[in-house]
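Asker: Questions regarding the structure given below will be posed in turn.
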Amino acid sequence: MWSKGKNPYFDLTRLMDFHLGSMHSLSNMSANRPDKSQEKRKVESKEIVIKQSEIFKIDNKKLDNQLKEVFKNRRTSWAFNCNMTKEKLGILLKRAIGITEEDVFGNLKRAYPTAGLMFSINFYIYLSNFGDESIDRKIFKYNPDREELEEVNSLKKGEIDEICSMTKIGEYSFEASNCLFFFTTNFSDLFSRYGQLSYRLSLLETGHACENIQIAASLMGINSVPLGGFYDEKVRELIKSNQEYCLYILALG
Ligand SMILES: Cc1cc2nc3c(=O)[nH]c(=O)nc-3n(C[C@H](O)[C@H](O)[C@H](O)COP(=O)(O)O)c2cc1C
């Protein structure tokens with residue numbers, strides 16, 4: 001039924017209030033470690049009553065091994081060893097999040113799926129340890145359609161470690177990494193079309209893009225760490241954008 005007045009589903013302030021309330025800062029959380037306890041999962045597995053053994057009897061070993069190879073090395077690892085070259089970075093950008101085809105309507109499609117073909121997620125990339133002062137310790141905004149990197153900021157030594165508790169007050173560091181992807185959105189591009197649903201769509205699209213990059217990186221022998229816990233305002237300061245909010249980070253190296 002049509003209602004008079006403003007429809008709350010299309011009230012962007014509601015979405016922004018929720019997002020701002022979920023932000024992580026130095027004052028609201030300490031350094032968190034992964035929960036190593038597998039107890040809850042063990043209890044759940046006892047409740048499975050029907051085992052579909054037919055499904056897991058695999059004859060197509062070739063296909064099985066191909067897929068096994070792709071996923072078995074996808075691990076989170078802070079053991080950065082500066083394994084990336086500029087060429088590997090180029091391949092990663094082109095193949096994991098770049099253009100894959102132009103459809104019959106002239107739309108450019110990318111390697112990751114996108115809600116409503118709107119490509120609402122932006123990529124900011126911090127680069128370091130390439131032995132090239134024109135890119136090292138700098139943050140760029142990446143445009144996959146034009147394959148262009150636009151410089152947005154230049155960081156001081158150690159500054160990148162200020163973005164999360166694990167590096168600011170924990171025992172880890174990004175100093176030996178090569179690259180940090182900041183996945184951002186302005187929320188408003190998707191909002192006019194999808195209302196409150198755009199919040200979910202933004203997070204889902206980010207996850208798709210990040211997963212593509214992590215899997216591609218692992219195939220190239222590059223270690224990576226996805227980060228959901230980072231200091232939102234510090235990241236916004238580093239990417240120098242008042243309009244965009246970072247949803248996820250992936251560190252590589
Ligand atoms: C949404 C999300 C947020 C994460 N945030 C962090 C993080 O802030 N710091 C971190 O060290 N790892 C983070 N991780 C990585 C997990 O710790 C890691 O995936 C988990 O320990 C399982 O290890 P695996 O990725 O090697 O399978 C995150 C993973 C996901 C999916």
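Chain lettering (A, B, ...) mirrors the order of the structure tokens, residue numbering begins at 1 for each chain separately, and ligand numbering begins at 1 in order of display.
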Quick one: contact table of chain A to ligand 1, 7 Å max, nearest atom pair and distance in Å to one decimal per residue, counting only C-alpha atoms and all ligand atoms, chain and number order, as a Markdown table?
Answerer:
```
| residue | atom | partner | partner_atom_place_in_ligand_line | distance |
| --- | --- | --- | --- | --- |
| A:Pro34 | CA | ligand 1 | 17 (O) | 5.1 |
| A:Arg74 | CA | ligand 1 | 26 (O) | 6.5 |
| A:Arg75 | CA | ligand 1 | 26 (O) | 3.4 |
| A:Thr76 | CA | ligand 1 | 26 (O) | 3.7 |
| A:Ser77 | CA | ligand 1 | 26 (O) | 6.6 |
| A:Met166 | CA | ligand 1 | 9 (N) | 6.9 |
| A:Val225 | CA | ligand 1 | 12 (N) | 5.8 |
| A:Pro226 | CA | ligand 1 | 14 (N) | 4.9 |
| A:Leu227 | CA | ligand 1 | 5 (N) | 3.6 |
| A:Gly228 | CA | ligand 1 | 3 (C) | 3.8 |
| A:Gly229 | CA | ligand 1 | 8 (O) | 3.9 |
| A:Phe230 | CA | ligand 1 | 8 (O) | 6.5 |
```
Asker: For the residues in that selection, give me N, CA and C atoms as a JSON list (two decimals), in the first residue's frame.
Answerer:
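Okay, this is what ended up in out-v6.json:
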```json
[["chain", "number", "residue", "atom", "x", "y", "z"],
["A", 34, "PRO", "N", 41.52, -14.85, 16.58],
["A", 34, "PRO", "CA", 40.52, -15.81, 16.10],
["A", 34, "PRO", "C", 40.13, -16.77, 17.21],
["A", 74, "ARG", "N", 44.15, -21.43, -0.09],
["A", 74, "ARG", "CA", 43.54, -20.20, 0.37],
["A", 74, "ARG", "C", 43.56, -20.17, 1.89],
["A", 75, "ARG", "N", 44.54, -19.51, 2.44],
["A", 75, "ARG", "CA", 44.73, -19.44, 3.88],
["A", 75, "ARG", "C", 44.94, -17.99, 4.26],
["A", 76, "THR", "N", 44.58, -17.66, 5.49],
["A", 76, "THR", "CA", 44.91, -16.35, 6.02],
["A", 76, "THR", "C", 46.28, -16.46, 6.66],
["A", 77, "SER", "N", 47.20, -15.61, 6.24],
["A", 77, "SER", "CA", 48.55, -15.67, 6.80],
["A", 77, "SER", "C", 49.17, -14.28, 6.88],
["A", 166, "MET", "N", 45.48, -5.10, 15.52],
["A", 166, "MET", "CA", 46.46, -6.19, 15.41],
["A", 166, "MET", "C", 47.84, -5.68, 15.05],
["A", 225, "VAL", "N", 45.68, -11.53, 4.23],
["A", 225, "VAL", "CA", 44.85, -11.45, 5.44],
["A", 225, "VAL", "C", 43.63, -10.58, 5.15],
["A", 226, "PRO", "N", 42.42, -11.15, 5.23],
["A", 226, "PRO", "CA", 41.23, -10.30, 5.14],
["A", 226, "PRO", "C", 40.97, -9.66, 6.51],
["A", 227, "LEU", "N", 40.59, -8.41, 6.54],
["A", 227, "LEU", "CA", 40.40, -7.70, 7.81],
["A", 227, "LEU", "C", 39.04, -7.03, 7.89],
["A", 228, "GLY", "N", 38.26, -7.48, 8.87],
["A", 228, "GLY", "CA", 36.97, -6.83, 9.11],
["A", 228, "GLY", "C", 37.06, -5.85, 10.25],
["A", 229, "GLY", "N", 38.08, -6.02, 11.10],
["A", 229, "GLY", "CA", 38.23, -5.15, 12.28],
["A", 229, "GLY", "C", 39.33, -4.14, 12.05],
["A", 230, "PHE", "N", 38.95, -2.94, 11.67],
["A", 230, "PHE", "CA", 39.93, -1.87, 11.44],
["A", 230, "PHE", "C", 39.32, -0.57, 11.94]]
```
Asker: List every residue of range 1-245 of chain A that DSSP, applied to the backbone of this structure, assigns to helix (DSSP H, G or I), and report them as an MDAnalysis selection string.
Answerer: chainID A and resid 8:10 12:21 39:46 61:72 86:96 115:117 159:163 165:168 188:194 197:219 232:239
Asker: Go ahead and save the residues from that selection, with C-alpha atoms, as a CSV table (one decimal), in the first residue's frame.
Answerer:
```
chain,number,residue,atom,x,y,z
A,8,PRO,CA,11.5,4.6,5.8
A,9,TYR,CA,12.8,2.0,3.4
A,10,PHE,CA,14.2,4.9,1.3
A,12,LEU,CA,19.3,6.9,3.8
A,13,THR,CA,19.9,8.3,7.3
A,14,ARG,CA,18.6,5.1,8.9
A,15,LEU,CA,21.2,3.1,7.0
A,16,MET,CA,23.9,5.5,7.8
A,17,ASP,CA,23.0,5.6,11.5
A,18,PHE,CA,23.3,1.8,11.6
A,19,HIS,CA,26.6,1.8,9.8
A,20,LEU,CA,28.1,4.6,11.9
A,21,GLY,CA,27.0,2.8,15.0
A,39,GLU,CA,33.5,-27.1,20.1
A,40,LYS,CA,30.3,-25.6,18.8
A,41,ARG,CA,30.8,-27.0,15.3
A,42,LYS,CA,31.5,-30.5,16.8
A,43,VAL,CA,28.2,-30.5,18.6
A,44,GLU,CA,26.4,-29.4,15.4
A,45,SER,CA,27.9,-32.2,13.3
A,46,LYS,CA,26.5,-34.9,15.7
A,61,LYS,CA,39.6,-37.3,-9.8
A,62,LYS,CA,40.9,-34.8,-12.3
A,63,LEU,CA,38.2,-32.3,-11.7
A,64,ASP,CA,38.3,-32.9,-8.0
A,65,ASN,CA,42.1,-32.3,-7.9
A,66,GLN,CA,41.8,-29.1,-10.0
A,67,LEU,CA,39.3,-27.6,-7.6
A,68,LYS,CA,41.2,-28.9,-4.6
A,69,GLU,CA,44.4,-27.1,-5.8
A,70,VAL,CA,42.5,-23.8,-6.2
A,71,PHE,CA,41.1,-23.8,-2.7
A,72,LYS,CA,43.6,-25.7,-0.5
A,86,LYS,CA,54.5,-5.2,-10.3
A,87,GLU,CA,53.7,-7.8,-13.0
A,88,LYS,CA,52.0,-10.0,-10.5
A,89,LEU,CA,50.0,-7.0,-9.2
A,90,GLY,CA,48.9,-6.2,-12.7
A,91,ILE,CA,47.8,-9.7,-13.4
A,92,LEU,CA,45.9,-9.8,-10.1
A,93,LEU,CA,44.1,-6.5,-10.8
A,94,LYS,CA,43.3,-7.5,-14.4
A,95,ARG,CA,42.1,-11.0,-13.7
A,96,ALA,CA,40.6,-11.1,-10.2
A,115,ALA,CA,24.2,-6.0,-7.7
A,116,GLY,CA,22.3,-4.5,-10.6
A,117,LEU,CA,25.4,-4.0,-12.7
A,159,GLU,CA,51.6,4.8,9.3
A,160,ILE,CA,49.9,1.9,7.7
A,161,ASP,CA,50.1,0.0,10.9
A,162,GLU,CA,47.8,2.5,12.6
A,163,ILE,CA,44.7,1.1,10.8
A,165,SER,CA,44.6,-3.1,16.6
A,166,MET,CA,46.5,-6.2,15.4
A,167,THR,CA,49.2,-3.9,14.0
A,168,LYS,CA,48.9,-0.8,16.2
A,188,SER,CA,24.2,6.4,-1.8
A,189,ASP,CA,24.7,5.1,-5.4
A,190,LEU,CA,23.0,1.8,-4.6
A,191,PHE,CA,20.5,3.4,-2.2
A,192,SER,CA,18.4,5.3,-4.7
A,193,ARG,CA,17.6,2.0,-6.4
A,194,TYR,CA,17.6,-0.6,-3.6
A,197,LEU,CA,18.6,-3.6,0.9
A,198,SER,CA,21.6,-1.8,-0.5
A,199,TYR,CA,23.4,-2.3,2.9
A,200,ARG,CA,23.4,-6.0,2.4
A,201,LEU,CA,24.2,-5.8,-1.3
A,202,SER,CA,27.3,-3.7,-0.6
A,203,LEU,CA,28.7,-6.2,1.9
A,204,LEU,CA,28.0,-9.1,-0.4
A,205,GLU,CA,29.6,-7.5,-3.4
A,206,THR,CA,32.7,-6.6,-1.3
A,207,GLY,CA,32.9,-10.3,-0.2
A,208,HIS,CA,32.8,-11.5,-3.8
A,209,ALA,CA,35.6,-9.1,-4.9
A,210,CYS,CA,37.8,-9.8,-1.9
A,211,GLU,CA,37.4,-13.6,-2.2
A,212,ASN,CA,38.4,-13.4,-5.9
A,213,ILE,CA,41.6,-11.5,-5.0
A,214,GLN,CA,42.5,-13.8,-2.1
A,215,ILE,CA,42.1,-17.0,-4.2
A,216,ALA,CA,44.0,-15.5,-7.1
A,217,ALA,CA,46.8,-14.4,-4.8
A,218,SER,CA,47.0,-17.8,-3.2
A,219,LEU,CA,47.4,-19.4,-6.6
A,232,ASP,CA,37.1,3.1,10.3
A,233,GLU,CA,38.0,6.8,10.8
A,234,LYS,CA,41.7,6.2,10.4
A,235,VAL,CA,41.1,4.4,7.1
A,236,ARG,CA,38.8,7.2,5.9
A,237,GLU,CA,41.6,9.7,6.7
A,238,LEU,CA,44.2,7.7,4.8
A,239,ILE,CA,42.0,7.2,1.6
```
Asker: Mind checking which residues fall within 10 Å of range 170-176 of chain A, counting only C-alpha atoms, ignoring those fewer than 6 positions away in the same chain, and posting them as number ranges by chain?
Answerer: A: 30-33, 78-83, 128-129, 137, 157-164, 251-253
Asker: Write the selection just made, keeping N, CA and C atoms, as an mmCIF file, in the first residue's frame?
Answerer:
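The file below, selection_12.cif, is the result:
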```cif
data_model
loop_
_atom_site.group_PDB
_atom_site.id
_atom_site.type_symbol
_atom_site.label_atom_id
_atom_site.label_comp_id
_atom_site.auth_asym_id
_atom_site.auth_seq_id
_atom_site.Cartn_x
_atom_site.Cartn_y
_atom_site.Cartn_z
ATOM 1 N N SER A 30 39.300 -4.190 21.920
ATOM 2 C CA SER A 30 40.726 -4.460 22.032
ATOM 3 C C SER A 30 41.135 -5.368 20.874
ATOM 4 N N ALA A 31 42.427 -5.732 20.831
ATOM 5 C CA ALA A 31 42.892 -6.634 19.767
ATOM 6 C C ALA A 31 42.194 -7.978 19.919
ATOM 7 N N ASN A 32 41.558 -8.440 18.853
ATOM 8 C CA ASN A 32 40.848 -9.717 18.908
ATOM 9 C C ASN A 32 41.633 -10.800 18.197
ATOM 10 N N ARG A 33 41.631 -11.975 18.784
ATOM 11 C CA ARG A 33 42.271 -13.120 18.143
ATOM 12 C C ARG A 33 41.181 -14.037 17.608
ATOM 13 N N TRP A 78 49.676 -13.980 8.072
ATOM 14 C CA TRP A 78 50.367 -12.695 8.294
ATOM 15 C C TRP A 78 51.839 -12.789 7.904
ATOM 16 N N ALA A 79 52.274 -13.944 7.405
ATOM 17 C CA ALA A 79 53.705 -14.120 7.090
ATOM 18 C C ALA A 79 54.020 -13.472 5.738
ATOM 19 N N PHE A 80 53.917 -12.153 5.676
ATOM 20 C CA PHE A 80 54.199 -11.447 4.421
ATOM 21 C C PHE A 80 55.680 -11.583 4.090
ATOM 22 N N ASN A 81 55.966 -11.871 2.819
ATOM 23 C CA ASN A 81 57.377 -12.019 2.451
ATOM 24 C C ASN A 81 57.726 -11.247 1.186
ATOM 25 N N CYS A 82 56.975 -10.187 0.921
ATOM 26 C CA CYS A 82 57.239 -9.310 -0.245
ATOM 27 C C CYS A 82 57.359 -10.131 -1.526
ATOM 28 N N ASN A 83 56.399 -11.018 -1.718
ATOM 29 C CA ASN A 83 56.465 -11.946 -2.844
ATOM 30 C C ASN A 83 55.887 -11.389 -4.138
ATOM 31 N N SER A 128 53.468 -1.132 -1.367
ATOM 32 C CA SER A 128 54.777 -0.937 -0.713
ATOM 33 C C SER A 128 55.720 -2.090 -1.041
ATOM 34 N N ASN A 129 56.997 -1.829 -0.848
ATOM 35 C CA ASN A 129 58.049 -2.842 -1.066
ATOM 36 C C ASN A 129 58.177 -3.328 -2.508
ATOM 37 N N ARG A 137 54.584 3.020 -0.638
ATOM 38 C CA ARG A 137 53.958 3.765 0.474
ATOM 39 C C ARG A 137 52.900 4.754 0.009
ATOM 40 N N LYS A 157 56.483 6.208 6.967
ATOM 41 C CA LYS A 157 56.877 4.868 7.427
ATOM 42 C C LYS A 157 56.109 4.533 8.718
ATOM 43 N N GLY A 158 55.544 3.357 8.761
ATOM 44 C CA GLY A 158 54.838 2.908 9.970
ATOM 45 C C GLY A 158 53.373 3.334 10.036
ATOM 46 N N GLU A 159 52.978 4.303 9.203
ATOM 47 C CA GLU A 159 51.616 4.846 9.305
ATOM 48 C C GLU A 159 50.544 3.797 8.983
ATOM 49 N N ILE A 160 50.863 2.901 8.055
ATOM 50 C CA ILE A 160 49.868 1.904 7.656
ATOM 51 C C ILE A 160 49.499 0.994 8.833
ATOM 52 N N ASP A 161 50.438 0.809 9.771
ATOM 53 C CA ASP A 161 50.150 -0.050 10.922
ATOM 54 C C ASP A 161 49.155 0.581 11.908
ATOM 55 N N GLU A 162 48.765 1.828 11.658
ATOM 56 C CA GLU A 162 47.804 2.480 12.561
ATOM 57 C C GLU A 162 46.357 2.123 12.261
ATOM 58 N N ILE A 163 46.128 1.334 11.210
ATOM 59 C CA ILE A 163 44.729 1.123 10.798
ATOM 60 C C ILE A 163 43.976 0.061 11.591
ATOM 61 N N CYS A 164 44.686 -0.789 12.340
ATOM 62 C CA CYS A 164 43.933 -1.798 13.114
ATOM 63 C C CYS A 164 44.700 -2.183 14.373
ATOM 64 N N ALA A 251 44.965 -7.540 3.006
ATOM 65 C CA ALA A 251 46.407 -7.274 2.932
ATOM 66 C C ALA A 251 47.089 -8.434 2.226
ATOM 67 N N LEU A 252 48.064 -8.123 1.374
ATOM 68 C CA LEU A 252 48.754 -9.147 0.573
ATOM 69 C C LEU A 252 50.265 -8.938 0.597
ATOM 70 N N GLY A 253 50.996 -10.044 0.514
ATOM 71 C CA GLY A 253 52.438 -9.858 0.392
ATOM 72 C C GLY A 253 53.195 -11.141 0.676
#
```
Asker: Counting only C-alpha atoms, figure out which residue out of A:Cys246, A:Lys141, A:Glu147, A:Ser154 gets nearest to Phe182 in chain A.
Answerer: A:Cys246
Asker: CA of Gln243 in chain A and CA of Leu180 in chain A, how far apart in Å?
Answerer: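 Taking CA of Leu180 in chain A and CA of Gln243 in chain A, their separation equals 19.9 Å.
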Asker: How many Å separate CA of Lys6 in chain A from CA of Asn242 in chain A?
Answerer: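 If I compute the distance from CA of Lys6 in chain A to CA of Asn242 in chain A, I get 26.0 Å.
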Asker: Report, in Å with one decimal, the straight-line distance from CA of Thr185 in chain A to CA of Asn7 in chain A.
Answerer: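 A separation of 22.9 Å between them.
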Asker: I need the residues in range 51-181 of chain A that are strand (DSSP E or B) according to DSSP; give them as a ChimeraX atom specification.
Answerer: /A:76,99-102,108-110,122-127,138-143,148-154,179-181
